[in-house]
Amino acid sequence: MDNLKNSIMALAASAKVQEALYPSFAAVGDELVLEFGECLDNLKVSDLTPEQAASIEALDVFIIQHSGMQFSAMYLENSALYEDPNWDEIRSLAKLVAKEMGWSLTEPVKQKHRIVTG
């Protein structure tokens, strides 16, 4: 659950904070959603309230609906963190998850990441 919490904090954070979590060569948006996906793979939905599960699902569905080639710039260009309104929606949905989980918004912990490279 700690990894999920940190992933949610990272998704809810400002673009500046998100960018600071990764090396300058990383595609930050891509890394953020990949980490969230890994957390979902390890999540036991039975441990969640219906409201918690629904908020996590809403975030996941939004990310899935905004994936594919037509959205590649949103994840691969770090400037999109600042400019793409879809990132504002991801941040809002992540904040809702934090609220449903009973987590205060805190700055995410910078971790050792496995960076995806071309």
# chains A, B, ... in the order shown; residues from 1 in each chain; ligands from 1

call {"tool": "residues_around", "arguments": {"residues": "A:Met74", "least_positions_apart": "4", "cutoff": "12 Å", "atoms": "only C-alpha atoms", "output": "list in words"}}
result
Ala27, Val28, Gly29, Asp30, Glu31, Leu32, Val33, Ile63, His66, Ser67, Gly68, Met69, Gln70, Asn78, Ser79, Ala80, Leu81, Tyr82, Glu83, Asp84, Pro85, Asn86, Trp87, Asp88 and Ile90 of chain A

call {"tool": "closest_atom_pairs", "arguments": {"of": "stretch 64-109 of chain A", "to": "stretch 3-20 of chain A", "cutoff": "7 Å", "atoms": "only C-alpha atoms", "output": "tab-separated table"}}
result
residue	atom	partner	partner_atom	distance
A:Leu81	CA	A:Ala15	CA	5.2
A:Tyr82	CA	A:Ala15	CA	5.6
A:Ile90	CA	A:Leu11	CA	6.8
A:Arg91	CA	A:Ala12	CA	4.2
A:Ser92	CA	A:Ala12	CA	6.7
A:Ala94	CA	A:Ala12	CA	5.0
A:Lys95	CA	A:Ala12	CA	5.5
A:Ala98	CA	A:Ile8	CA	6.8
A:Leu105	CA	A:Met9	CA	6.4
A:Thr106	CA	A:Met9	CA	6.4
A:Glu107	CA	A:Met9	CA	6.4
A:Pro108	CA	A:Met9	CA	5.2
A:Val109	CA	A:Asn6	CA	6.5

call {"tool": "atom_distance", "arguments": {"atom1": "atom CA of A:Leu59", "atom2": "atom CA of A:Ala73"}}
result
19.0 Å

call {"tool": "atom_distance", "arguments": {"atom1": "atom CA of A:Lys99", "atom2": "atom CA of A:Glu38"}}
result
21.0 Å

call {"tool": "residues_around", "arguments": {"residues": "stretch 44-47 of chain A", "least_positions_apart": "3", "cutoff": "12 Å", "atoms": "only C-alpha atoms", "output": "MDAnalysis selection string"}}
result
chainID A and resid 1 4 39:41 50:57 101

call {"tool": "select_by_dssp", "arguments": {"residues": "chain A", "states": "alpha helix (DSSP H)", "output": "number ranges by chain"}}
result
A: 2-12, 15-20, 28-41, 50-65, 72-76, 80-83, 85-101

call {"tool": "atom_distance", "arguments": {"atom1": "atom CA of A:Thr49", "atom2": "atom CA of A:Glu100"}}
result
8.8 Å
